[in-house]
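Below is upload_8.cif, holding mmCIF, C-alpha atoms and all ligand atoms.
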```
data_query
loop_
_atom_site.label_atom_id
_atom_site.label_comp_id
_atom_site.auth_asym_id
_atom_site.auth_seq_id
_atom_site.Cartn_x
_atom_site.Cartn_y
_atom_site.Cartn_z
CA MET A 1 18.64 45.16 50.01
CA ILE A 2 20.46 47.22 47.40
CA ARG A 3 22.51 49.65 49.49
CA SER A 4 23.41 52.14 46.78
CA PRO A 5 22.12 52.85 43.25
CA VAL A 6 23.06 50.19 40.73
CA LEU A 7 25.56 51.77 38.35
CA VAL A 8 25.78 50.12 34.97
CA ASP A 9 29.17 50.52 33.26
CA LEU A 10 27.72 51.07 29.81
CA ASP A 11 31.07 51.71 28.10
CA ARG A 12 32.42 48.40 29.33
CA LEU A 13 29.29 46.57 28.24
CA LEU A 14 29.21 48.18 24.78
CA GLY A 15 32.93 47.42 24.38
CA GLU A 16 32.27 43.77 25.21
CA LEU A 17 29.36 43.60 22.75
CA ASP A 18 31.69 45.03 20.08
CA SER A 19 34.44 42.56 20.95
CA LEU A 20 32.06 39.61 20.88
CA ALA A 21 30.78 40.70 17.45
CA CYS A 22 34.32 40.26 16.08
CA PHE A 23 34.11 36.48 16.59
CA SER A 24 32.26 35.97 13.35
CA ASP A 25 32.42 34.21 10.00
CA ALA A 26 30.79 37.12 8.16
CA PRO A 27 32.21 40.58 7.46
CA SER A 28 31.13 43.31 9.90
CA PRO A 29 28.46 44.52 10.59
CA ALA A 30 27.05 41.04 9.89
CA VAL A 31 27.67 38.34 12.47
CA THR A 32 27.67 34.61 11.72
CA ARG A 33 28.53 32.43 14.69
CA ILE A 34 27.43 28.84 14.32
CA VAL A 35 27.69 26.52 17.28
CA PHE A 36 31.07 24.84 17.84
CA THR A 37 32.75 26.44 14.79
CA PRO A 38 36.13 28.09 15.48
CA ALA A 39 34.35 31.50 15.72
CA ASP A 40 31.92 30.18 18.32
CA ARG A 41 34.69 28.49 20.27
CA ALA A 42 36.77 31.68 20.31
CA ALA A 43 33.70 33.64 21.48
CA ARG A 44 33.23 31.09 24.26
CA SER A 45 36.82 31.63 25.46
CA PHE A 46 36.28 35.40 25.41
CA LEU A 47 33.16 34.98 27.50
CA LEU A 48 34.80 32.62 29.95
CA GLU A 49 37.52 35.19 30.62
CA ARG A 50 34.91 37.90 31.26
CA PHE A 51 33.08 35.61 33.70
CA TRP A 52 36.31 34.78 35.57
CA GLU A 53 37.36 38.41 35.59
CA ALA A 54 34.04 39.23 37.29
CA GLY A 55 34.90 36.75 40.04
CA LEU A 56 32.20 34.23 39.11
CA GLU A 57 32.61 30.49 39.48
CA VAL A 58 32.05 28.89 36.10
CA ARG A 59 30.89 25.39 35.28
CA GLN A 60 30.37 24.02 31.77
CA ASP A 61 28.13 21.06 31.10
CA ALA A 62 28.40 18.28 28.52
CA ILE A 63 26.62 20.23 25.79
CA GLY A 64 28.63 23.40 26.41
CA ASN A 65 26.14 25.44 28.45
CA PHE A 66 28.02 27.84 30.78
CA PHE A 67 26.86 28.46 34.35
CA ALA A 68 28.55 31.42 36.05
CA ARG A 69 27.58 31.59 39.69
CA TRP A 70 27.50 34.29 42.32
CA GLU A 71 27.07 32.49 45.62
CA GLY A 72 24.27 33.61 47.94
CA LEU A 73 24.21 34.04 51.71
CA GLU A 74 22.11 30.84 51.78
CA PRO A 75 23.79 28.71 49.10
CA GLY A 76 21.35 25.83 49.69
CA LEU A 77 18.44 27.79 48.22
CA PRO A 78 17.73 27.32 44.50
CA ALA A 79 19.39 30.04 42.43
CA VAL A 80 17.76 32.87 40.57
CA ALA A 81 19.03 32.58 37.01
CA THR A 82 19.38 34.80 33.98
CA GLY A 83 21.11 34.42 30.61
CA SER A 84 20.67 33.85 26.90
CA HIS A 85 22.78 32.70 23.94
CA ILE A 86 25.73 33.93 21.86
CA ASP A 87 25.33 31.88 18.68
CA ALA A 88 24.12 33.82 15.64
CA ILE A 89 22.40 32.70 12.45
CA PRO A 90 24.14 33.42 9.11
CA TYR A 91 24.37 37.16 8.43
CA ALA A 92 22.73 38.12 11.70
CA GLY A 93 23.30 41.15 13.91
CA ARG A 94 25.25 41.56 17.14
CA TYR A 95 22.51 41.98 19.76
CA ASP A 96 20.30 38.87 19.53
CA GLY A 97 21.12 36.81 22.63
CA THR A 98 24.35 38.63 23.44
CA VAL A 99 22.50 41.45 25.22
CA GLY A 100 21.08 38.84 27.60
CA VAL A 101 24.45 37.22 28.27
CA LEU A 102 26.73 40.26 28.52
CA GLY A 103 23.86 42.38 29.91
CA GLY A 104 23.29 39.67 32.52
CA LEU A 105 27.00 39.80 33.39
CA GLU A 106 26.85 43.59 33.68
CA ALA A 107 23.77 43.36 35.91
CA ILE A 108 25.63 41.01 38.25
CA ARG A 109 28.78 43.18 38.24
CA ALA A 110 26.68 46.28 38.96
CA LEU A 111 24.87 44.56 41.84
CA ARG A 112 28.15 43.37 43.31
CA ALA A 113 29.66 46.84 43.03
CA SER A 114 26.62 48.31 44.80
CA GLY A 115 27.35 46.19 47.87
CA PHE A 116 24.26 44.01 47.40
CA ARG A 117 24.54 40.50 48.88
CA PRO A 118 22.03 38.01 47.44
CA ARG A 119 20.29 35.63 49.79
CA ARG A 120 19.95 33.08 47.00
CA PRO A 121 22.70 32.31 44.52
CA VAL A 122 22.48 34.20 41.23
CA GLU A 123 23.45 32.22 38.13
CA LEU A 124 24.21 33.50 34.65
CA ILE A 125 23.65 30.90 31.92
CA MET A 126 25.01 30.97 28.39
CA PHE A 127 22.96 28.40 26.48
CA THR A 128 24.47 26.39 23.64
CA ALA A 129 22.90 26.79 20.17
CA GLU A 130 19.66 28.66 20.66
CA GLU A 131 19.64 28.98 16.89
CA PRO A 132 18.66 25.96 14.79
CA THR A 133 21.18 26.75 12.03
CA ARG A 134 23.55 23.82 12.40
CA PHE A 135 21.39 20.96 13.66
CA GLY A 136 17.91 22.01 12.49
CA VAL A 137 16.59 22.26 16.05
CA GLY A 138 16.82 25.41 18.15
CA CYS A 139 17.47 25.86 21.89
CA LEU A 140 19.70 22.79 22.06
CA GLY A 141 21.29 23.76 25.39
CA SER A 142 18.07 24.70 27.18
CA ARG A 143 16.17 21.82 25.56
CA ALA A 144 18.75 19.39 26.91
CA LEU A 145 18.88 21.06 30.31
CA SER A 146 15.12 20.80 30.74
CA GLY A 147 15.01 17.19 29.57
CA ALA A 148 12.76 18.13 26.62
CA LEU A 149 14.96 16.16 24.23
CA ASP A 150 16.42 12.84 25.28
CA PRO A 151 20.21 12.47 25.23
CA ASN A 152 20.22 9.75 22.53
CA THR A 153 18.20 11.81 20.07
CA LEU A 154 20.36 14.81 20.90
CA ALA A 155 23.61 12.92 20.33
CA ARG A 156 22.43 11.71 16.91
CA LEU A 157 21.35 15.08 15.49
CA ARG A 158 23.33 15.70 12.28
CA ASP A 159 24.52 18.85 10.59
CA ALA A 160 24.50 19.42 6.82
CA ASP A 161 27.91 17.70 6.55
CA GLY A 162 26.55 14.60 8.25
CA ARG A 163 28.48 15.20 11.49
CA THR A 164 26.65 14.35 14.69
CA LEU A 165 26.18 16.70 17.60
CA ASP A 166 27.99 14.13 19.70
CA GLU A 167 31.08 14.31 17.47
CA VAL A 168 31.27 18.07 17.30
CA ARG A 169 30.66 18.70 20.99
CA ARG A 170 33.43 16.20 21.84
CA GLU A 171 35.75 17.95 19.41
CA ALA A 172 34.95 21.21 21.22
CA GLY A 173 36.05 19.57 24.49
CA TYR A 174 32.67 18.56 25.92
CA THR A 175 33.08 14.85 26.55
CA ALA A 176 30.97 14.08 29.64
CA PRO A 177 27.81 11.97 29.08
CA LEU A 178 24.91 14.02 27.69
CA GLU A 179 22.67 12.46 30.37
CA SER A 180 24.47 14.64 32.92
CA VAL A 181 23.08 17.85 31.36
CA VAL A 182 19.49 17.38 32.58
CA LYS A 183 18.34 19.38 35.60
CA ARG A 184 15.35 18.54 37.77
CA PRO A 185 12.30 20.82 37.96
CA GLY A 186 12.84 23.19 40.89
CA ALA A 187 16.61 23.35 40.29
CA TYR A 188 16.13 27.11 39.88
CA ALA A 189 13.89 29.47 41.80
CA ALA A 190 13.33 31.64 38.74
CA PHE A 191 14.72 32.45 35.30
CA VAL A 192 14.54 35.93 33.75
CA GLU A 193 15.95 36.53 30.25
CA LEU A 194 16.86 39.96 28.87
CA HIS A 195 16.56 40.16 25.07
CA ILE A 196 15.97 42.58 22.24
CA GLU A 197 12.35 42.47 21.09
CA GLN A 198 13.20 41.47 17.50
CA GLY A 199 9.95 43.16 16.43
CA PRO A 200 8.71 46.75 16.11
CA HIS A 201 6.15 46.96 18.91
CA LEU A 202 8.20 48.72 21.61
CA GLU A 203 9.84 51.20 19.25
CA ARG A 204 6.49 52.11 17.69
CA SER A 205 4.98 52.57 21.15
CA GLY A 206 7.96 54.67 22.30
CA VAL A 207 8.35 52.44 25.37
CA PRO A 208 11.81 51.23 26.46
CA ILE A 209 10.83 48.05 28.35
CA GLY A 210 8.59 45.14 27.39
CA ILE A 211 7.53 42.62 30.02
CA VAL A 212 6.84 39.33 28.27
CA GLU A 213 3.74 37.44 29.37
CA ALA A 214 3.86 34.61 26.81
CA ILE A 215 6.14 33.21 24.14
CA ALA A 216 4.73 31.85 20.88
CA ALA A 217 4.79 28.11 20.26
CA PRO A 218 7.11 27.23 17.36
CA ALA A 219 6.94 24.16 15.12
CA GLY A 220 9.30 23.22 12.32
CA LEU A 221 8.88 20.82 9.39
CA ARG A 222 11.49 19.63 6.89
CA VAL A 223 10.07 18.43 3.59
CA TRP A 224 11.96 16.32 1.06
CA LEU A 225 10.60 16.19 -2.50
CA GLU A 226 12.10 13.92 -5.13
CA GLY A 227 11.59 13.37 -8.84
CA PRO A 228 13.60 11.67 -11.60
CA GLY A 229 15.26 14.90 -12.80
CA GLY A 230 16.44 14.94 -16.40
CA HIS A 231 17.64 17.15 -19.24
CA ALA A 232 16.03 20.62 -19.30
CA GLY A 233 15.89 20.57 -23.10
CA THR A 234 14.78 17.06 -23.91
CA VAL A 235 12.17 15.92 -21.37
CA PRO A 236 8.72 17.04 -22.59
CA MET A 237 6.83 19.25 -20.17
CA HIS A 238 3.97 16.77 -19.67
CA GLU A 239 6.42 13.96 -18.74
CA ARG A 240 8.13 15.83 -15.93
CA HIS A 241 7.83 15.25 -12.18
CA ASP A 242 9.45 18.47 -11.04
CA PRO A 243 9.86 18.67 -7.24
CA LEU A 244 10.67 22.38 -7.38
CA LEU A 245 7.23 23.13 -8.77
CA SER A 246 5.64 21.05 -6.00
CA GLY A 247 7.80 23.00 -3.55
CA ALA A 248 6.56 26.29 -4.98
CA ARG A 249 2.95 25.14 -4.50
CA ILE A 250 3.79 24.14 -0.93
CA ALA A 251 5.35 27.53 -0.15
CA LEU A 252 2.18 29.27 -1.33
CA GLY A 253 0.17 26.68 0.60
CA VAL A 254 2.00 27.64 3.80
CA GLU A 255 1.04 31.27 3.30
CA ALA A 256 -2.58 30.35 2.58
CA ALA A 257 -2.80 28.01 5.58
CA VAL A 258 -1.62 30.78 7.88
CA LEU A 259 -3.74 33.56 6.38
CA GLN A 260 -6.86 31.40 6.66
CA GLU A 261 -6.66 31.90 10.46
CA GLY A 262 -6.94 35.67 10.07
CA SER A 263 -4.83 36.24 13.19
CA GLU A 264 -1.79 38.51 13.52
CA ASP A 265 -0.36 36.05 16.02
CA THR A 266 -0.17 33.25 13.44
CA VAL A 267 2.90 33.23 11.18
CA GLY A 268 4.50 30.74 8.81
CA THR A 269 7.75 30.95 6.85
CA VAL A 270 9.57 28.81 4.30
CA GLY A 271 13.14 29.81 5.25
CA VAL A 272 14.94 27.03 3.36
CA PHE A 273 14.30 26.03 -0.25
CA ASP A 274 17.24 24.00 -1.42
CA VAL A 275 17.37 22.66 -4.99
CA HIS A 276 19.55 19.79 -6.19
CA PRO A 277 21.51 19.68 -8.47
CA GLY A 278 20.91 23.41 -9.04
CA ALA A 279 21.96 23.63 -12.69
CA ILE A 280 20.16 25.80 -15.24
CA ASN A 281 19.92 22.98 -17.78
CA SER A 282 18.81 20.25 -15.38
CA ILE A 283 15.28 19.54 -14.12
CA PRO A 284 15.49 19.61 -10.32
CA ARG A 285 15.75 16.16 -8.83
CA ARG A 286 15.61 16.84 -5.11
CA VAL A 287 14.23 19.75 -3.12
CA ARG A 288 14.38 20.42 0.61
CA LEU A 289 12.08 22.91 2.27
CA GLU A 290 12.14 23.96 5.89
CA ILE A 291 8.96 25.47 7.26
CA ASP A 292 8.54 27.38 10.51
CA VAL A 293 5.06 28.00 11.97
CA ARG A 294 4.33 29.88 15.19
CA ASP A 295 1.46 31.09 17.29
CA VAL A 296 0.82 31.92 20.93
CA ASP A 297 -2.27 29.71 20.58
CA GLU A 298 -1.03 26.13 20.26
CA ASN A 299 -4.33 24.74 18.91
CA ARG A 300 -4.42 27.32 16.16
CA ARG A 301 -0.76 26.60 15.35
CA ASP A 302 -1.53 22.89 15.11
CA ARG A 303 -4.52 23.53 12.85
CA VAL A 304 -2.23 25.42 10.49
CA LEU A 305 0.29 22.57 10.59
CA ALA A 306 -2.41 20.07 9.62
CA ARG A 307 -3.41 22.26 6.67
CA ILE A 308 0.23 22.53 5.57
CA ARG A 309 0.62 18.75 5.69
CA ALA A 310 -2.47 18.40 3.49
CA ALA A 311 -1.03 20.98 1.07
CA ILE A 312 2.23 18.99 0.89
CA HIS A 313 0.41 15.71 0.07
CA GLU A 314 -1.65 17.44 -2.57
CA ALA A 315 1.21 19.37 -4.19
CA ALA A 316 3.43 16.28 -4.36
CA GLY A 317 0.59 13.99 -5.48
CA GLU A 318 -0.54 16.13 -8.39
CA ARG A 319 2.93 15.94 -9.99
CA GLY A 320 3.83 12.40 -9.01
CA VAL A 321 6.67 13.61 -6.85
CA HIS A 322 7.87 11.48 -3.94
CA HIS A 323 7.70 13.30 -0.60
CA ARG A 324 8.76 12.83 3.00
CA ILE A 325 7.99 15.08 5.97
CA GLU A 326 10.19 15.29 9.06
CA GLU A 327 8.90 17.11 12.12
CA LEU A 328 11.91 19.01 13.44
CA TYR A 329 10.25 20.42 16.54
CA ARG A 330 6.81 21.11 17.88
CA ASP A 331 7.02 23.07 21.11
CA GLY A 332 4.32 24.48 23.33
CA PRO A 333 4.03 28.16 24.22
CA ALA A 334 5.55 29.38 27.49
CA ARG A 335 3.63 31.51 29.96
CA SER A 336 5.39 33.83 32.37
CA ASP A 337 4.95 33.53 36.11
CA ALA A 338 2.74 36.17 37.75
CA ALA A 339 5.16 36.76 40.64
CA LEU A 340 8.06 37.36 38.25
CA LEU A 341 5.99 39.72 36.10
CA GLU A 342 5.18 41.67 39.26
CA ALA A 343 8.84 41.78 40.28
CA ILE A 344 9.85 43.21 36.88
CA GLU A 345 6.97 45.68 36.96
CA ALA A 346 7.86 46.81 40.51
CA THR A 347 11.45 47.38 39.38
CA CYS A 348 10.31 49.49 36.41
CA LEU A 349 8.06 51.56 38.67
CA GLU A 350 10.91 52.08 41.14
CA LEU A 351 13.23 53.19 38.33
CA GLY A 352 10.51 55.37 36.81
CA ILE A 353 10.88 53.62 33.46
CA PRO A 354 7.83 53.14 31.20
CA PHE A 355 6.94 49.56 30.31
CA LEU A 356 4.26 47.56 28.62
CA ARG A 357 3.24 43.94 28.80
CA MET A 358 3.54 42.00 25.57
CA LYS A 359 3.95 38.64 23.85
CA SER A 360 7.12 37.31 22.28
CA ARG A 361 6.74 36.15 18.71
CA ALA A 362 10.34 34.98 18.59
CA TYR A 363 11.26 31.94 20.67
CA HIS A 364 13.89 31.89 23.35
CA ASP A 365 15.65 29.57 25.79
CA THR A 366 13.05 30.77 28.29
CA VAL A 367 10.55 28.42 26.57
CA PHE A 368 12.52 25.46 27.92
CA MET A 369 13.55 27.01 31.24
CA ALA A 370 9.78 27.24 31.87
CA ARG A 371 9.85 23.45 32.31
CA LEU A 372 12.22 23.86 35.25
CA CYS A 373 11.05 26.97 37.08
CA PRO A 374 8.93 30.13 36.94
CA VAL A 375 10.09 32.36 34.07
CA ALA A 376 9.67 35.80 32.55
CA MET A 377 11.45 37.97 29.98
CA ILE A 378 12.48 41.60 29.71
CA PHE A 379 12.50 43.09 26.20
CA ILE A 380 14.19 46.24 24.94
CA PRO A 381 13.40 47.87 21.58
CA CYS A 382 15.47 47.30 18.48
CA ARG A 383 15.56 49.74 15.58
CA GLU A 384 12.66 49.28 13.15
CA GLY A 385 12.10 45.92 14.77
CA LEU A 386 14.90 44.45 12.65
CA SER A 387 16.63 41.28 13.80
CA HIS A 388 18.35 38.24 12.27
CA CYS A 389 20.03 40.68 9.85
CA PRO A 390 23.12 42.91 9.96
CA GLU A 391 20.94 46.02 10.44
CA GLU A 392 19.92 44.82 13.91
CA TYR A 393 20.53 47.65 16.42
CA ALA A 394 19.67 48.41 20.02
CA SER A 395 20.54 51.84 21.42
CA PRO A 396 23.00 52.18 24.32
CA GLU A 397 20.26 53.92 26.37
CA ASN A 398 17.84 51.05 25.93
CA ILE A 399 20.51 48.46 26.63
CA ALA A 400 21.34 50.32 29.85
CA TRP A 401 17.65 50.42 30.85
CA GLY A 402 17.33 46.71 30.17
CA VAL A 403 20.34 45.93 32.36
CA ARG A 404 19.07 48.16 35.17
CA VAL A 405 15.66 46.50 35.11
CA LEU A 406 17.28 43.07 35.02
CA ALA A 407 19.60 43.95 37.94
CA GLY A 408 16.71 45.28 40.02
CA THR A 409 14.61 42.22 39.27
CA LEU A 410 17.41 39.79 40.09
CA ALA A 411 18.03 41.65 43.36
CA ARG A 412 14.36 41.41 44.33
CA LEU A 413 14.12 37.72 43.51
CA ALA A 414 17.47 36.79 45.05
CA SER A 415 16.49 38.51 48.31
CA ARG A 416 13.47 36.27 48.78
CA GLY A 417 13.19 33.08 50.74
CA PRO A 418 10.85 30.40 49.41
CA TRP A 419 7.87 32.25 47.90
CA ARG A 420 4.39 31.34 46.86
CA GLY A 421 4.32 31.48 43.08
CA SER A 422 2.47 29.28 40.65
CA ARG A 423 5.43 26.88 40.49
CA SER A 424 7.96 28.27 42.98
CA PRO A 425 10.14 25.81 44.90
C1 LIG B 1 14.93 32.50 17.54
O1 LIG B 1 15.98 32.93 17.13
C2 LIG B 1 13.77 32.48 16.74
O2 LIG B 1 13.85 32.01 15.58
O3 LIG B 1 12.72 32.96 17.20
MN MN B 2 17.82 34.56 16.97
MN MN B 3 17.80 35.19 20.57
#
```

Representation of the structure as structure tokens:
Amino acid sequence: MIRSPVLVDLDRLLGELDSLACFSDAPSPAVTRIVFTPADRAARSFLLERFWEAGLEVRQDAIGNFFARWEGLEPGLPAVATGSHIDAIPYAGRYDGTVGVLGGLEAIRALRASGFRPRRPVELIMFTAEEPTRFGVGCLGSRALSGALDPNTLARLRDADGRTLDEVRREAGYTAPLESVVKRPGAYAAFVELHIEQGPHLERSGVPIGIVEAIAAPAGLRVWLEGPGGHAGTVPMHERHDPLLSGARIALGVEAAVLQEGSEDTVGTVGVFDVHPGAINSIPRRVRLEIDVRDVDENRRDRVLARIRAAIHEAAGERGVHHRIEELYRDGPARSDAALLEAIEATCLELGIPFLRMKSRAYHDTVFMARLCPVAMIFIPCREGLSHCPEEYASPENIAWGVRVLAGTLARLASRGPWRGSRSP
């Protein structure tokens, strides 16, 4: 039972969000925080201090996930968990992920201050590298935790400088075997992630809370195109094998493959188009494209992927360009657990806060936590739906509502004994 109203210290939370935003490799208001860079490592130390200050026991695993635990009256019961990530893509904003980590911390502090004693342990998780920026694959921490990616493949992932994940995590002080990261299904009773929506739906609807029923299934391809290159002035047009032009055809092919489905839920993006050697008087020799495709409907997503592959073969073939396709990830959608959705909804009703049920078009660590336990997400609006850019903004009021709803939901779930859910322990 919560004995007194949960009071969120909004000033403290906003101050912490501001402080965290300072650990960045881009000038403010942009935030760039790539996993295991000095900025990320400094942000980790900042976070660790906040967790200790709050009186939580903290454990770090071999890939750098943080687990900050508030022990329950029955410590043997699987914990109710919350959390998110603090890494940020280049020139991002300050709220993506951080609201779920620092907001999760504030929810726990507020519950403690209210006199609430959880029956089950409550655990706050900071996941390593939700963003794919450095190693091409997102959700590294939660992927590893859930066993979705085997430790050998994980260890051998390379960044753009050719450094392996194994090397850089060791350098950051994480030296235990990667095998030790994996948790068994049932290790948690539930996982609930608080996050900004990263889209415009809530703001346009004028509703402060979104309850996420499903998360879109993302897939990523890396395409290498290679030709002989040559002098931009001397090689006749009809003798060229220009990989950039094949790449341009592929980019348009991605758009066409997506639009053919005629569904708002289907999206595809070429976010990387890298040209080597990148000189005005040199015919491109090597091109790298990275393509992201998502849908809540996995079959539809896979149909689009097949069309994109065909477009790549065709675009490379017609110009005699050599091509290679690497599948970076192909994940399934995650569905929220009915009992958790009800717990969030009951909390909103109790607080008198409007909510709506929705889908997440962005992916989150929750996708992988769904392999371990029942999951759900709480969304708050962000201005004009902007995210992954410096203009990203969530209002203090909405952040406070998100934390209150999270605190109430954690309290409900942590008060329960074993419960009958679709996949409850
Ligand atoms: C996560 O950041 C995503 O790309 O959806
Ligand atoms: Mn993100
Ligand atoms: Mn995020």

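Considering all atoms listed in the file, the residue among A:Leu13, A:Val321, A:Ala334, A:Leu386 positioned nearest to ligand MN 2 (chain B) is A:Leu386.
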
Grab me every residue within 8 Å of ligand MN 3 (chain B), counting all atoms listed in the file, and send it over as a compact mmCIF listing (two decimals) with C-alpha atoms, in the frame of the given file.
```
# COMPACT_ATOMS: atom_id res chain seq x y z
CA SER A 84 20.67 33.85 26.90
CA HIS A 85 22.78 32.70 23.94
CA ASP A 96 20.30 38.87 19.53
CA GLY A 97 21.12 36.81 22.63
CA THR A 98 24.35 38.63 23.44
CA GLU A 130 19.66 28.66 20.66
CA GLU A 131 19.64 28.98 16.89
CA HIS A 195 16.56 40.16 25.07
CA ILE A 196 15.97 42.58 22.24
CA ALA A 362 10.34 34.98 18.59
CA TYR A 363 11.26 31.94 20.67
CA HIS A 364 13.89 31.89 23.35
CA ASP A 365 15.65 29.57 25.79
```

Using all atoms listed in the file, which residues sit within 6 Å of Asp337 (chain A) once same-chain residues fewer than 2 positions away are excluded, as a ChimeraX atom specification? /A:339-340,374-375

Could you report the residues within 12 Å of ligand LIG 1 (chain B), using only C-alpha atoms and all ligand atoms, as a ChimeraX atom specification? /A:84-90,92-93,95-98,129-133,136-140,195-199,215-220,267-269,271,291-295,360-367,387-389

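Proximity of A:Thr32, A:Val275, A:Pro38, A:Val6 to ligand MN 2 (chain B), computed with all atoms listed in the file, is greatest for A:Thr32.
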
Counting all atoms listed in the file, which residues of region 29-53 of chain A sit at most 12 Å from some atom of region 167-175 of chain A, and what is each one's closest atom pair with its distance in Å to one decimal, listed by chain and rising residue number, as a Markdown table?
```
| residue | atom | partner | partner_atom | distance |
| --- | --- | --- | --- | --- |
| A:Ile34 | CA | A:Val168 | CA | 11.8 |
| A:Val35 | CA | A:Arg169 | CA | 9.2 |
| A:Phe36 | CA | A:Ala172 | CA | 6.3 |
| A:Thr37 | CA | A:Ala172 | CA | 8.6 |
| A:Pro38 | CA | A:Ala172 | CA | 9.0 |
| A:Ala39 | CA | A:Ala172 | CA | 11.7 |
| A:Asp40 | CA | A:Ala172 | CA | 9.9 |
| A:Arg41 | CA | A:Ala172 | CA | 7.3 |
| A:Ala42 | CA | A:Ala172 | CA | 10.7 |
| A:Arg44 | CA | A:Ala172 | CA | 10.5 |
| A:Ser45 | CA | A:Ala172 | CA | 11.4 |
```

One decimal, Å: what's the distance from CA of Glu314 (chain A) over to CA of Ile250 (chain A), could you say?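 Interatomic distance here is 8.8 Å.
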
As JSON, what would the box around region 334-338 of chain A look like: edges along x, y and z, 6 Å added on every side, centre and edge lengths in Å to one decimal?
```
{"center_x": 4.1, "center_y": 32.8, "center_z": 32.6, "size_x": 14.8, "size_y": 18.8, "size_z": 22.3}
```

Supply region 304-309 of chain A as a compact mmCIF listing (two decimals), in the frame of the given file, with all heavy atoms built in where the input has gaps.
```txt
# COMPACT_ATOMS: atom_id res chain seq x y z
N VAL A 304 -2.98 24.96 11.66
CA VAL A 304 -2.23 25.42 10.49
C VAL A 304 -1.28 24.32 10.01
O VAL A 304 -1.17 24.04 8.81
CB VAL A 304 -1.45 26.72 10.82
CG1 VAL A 304 -0.52 27.10 9.69
CG2 VAL A 304 -2.42 27.85 11.11
N LEU A 305 -0.63 23.66 10.96
CA LEU A 305 0.29 22.57 10.59
C LEU A 305 -0.43 21.47 9.83
O LEU A 305 0.07 20.93 8.83
CB LEU A 305 0.92 21.96 11.85
CG LEU A 305 2.11 22.68 12.47
CD1 LEU A 305 2.55 21.94 13.72
CD2 LEU A 305 3.27 22.79 11.48
N ALA A 306 -1.64 21.13 10.29
CA ALA A 306 -2.41 20.07 9.62
C ALA A 306 -2.74 20.49 8.19
O ALA A 306 -2.66 19.69 7.25
CB ALA A 306 -3.69 19.78 10.41
N ARG A 307 -3.10 21.76 8.02
CA ARG A 307 -3.41 22.26 6.67
C ARG A 307 -2.16 22.22 5.78
O ARG A 307 -2.23 21.90 4.60
CB ARG A 307 -3.90 23.71 6.77
CG ARG A 307 -5.36 23.85 6.50
CD ARG A 307 -5.74 25.31 6.58
NE ARG A 307 -6.61 25.53 7.70
CZ ARG A 307 -6.48 26.47 8.62
NH1 ARG A 307 -5.52 27.34 8.54
NH2 ARG A 307 -7.33 26.55 9.60
N ILE A 308 -1.02 22.55 6.36
CA ILE A 308 0.23 22.53 5.57
C ILE A 308 0.55 21.10 5.15
O ILE A 308 0.94 20.85 4.01
CB ILE A 308 1.38 23.16 6.38
CG1 ILE A 308 1.13 24.66 6.54
CG2 ILE A 308 2.73 22.90 5.73
CD1 ILE A 308 2.12 25.39 7.42
N ARG A 309 0.36 20.16 6.05
CA ARG A 309 0.62 18.75 5.69
C ARG A 309 -0.27 18.33 4.51
O ARG A 309 0.18 17.67 3.58
CB ARG A 309 0.38 17.83 6.89
CG ARG A 309 1.53 17.84 7.89
CD ARG A 309 1.23 16.92 9.06
NE ARG A 309 2.32 16.92 10.02
CZ ARG A 309 3.39 16.12 9.96
NH1 ARG A 309 3.49 15.24 8.98
NH2 ARG A 309 4.34 16.18 10.86
```
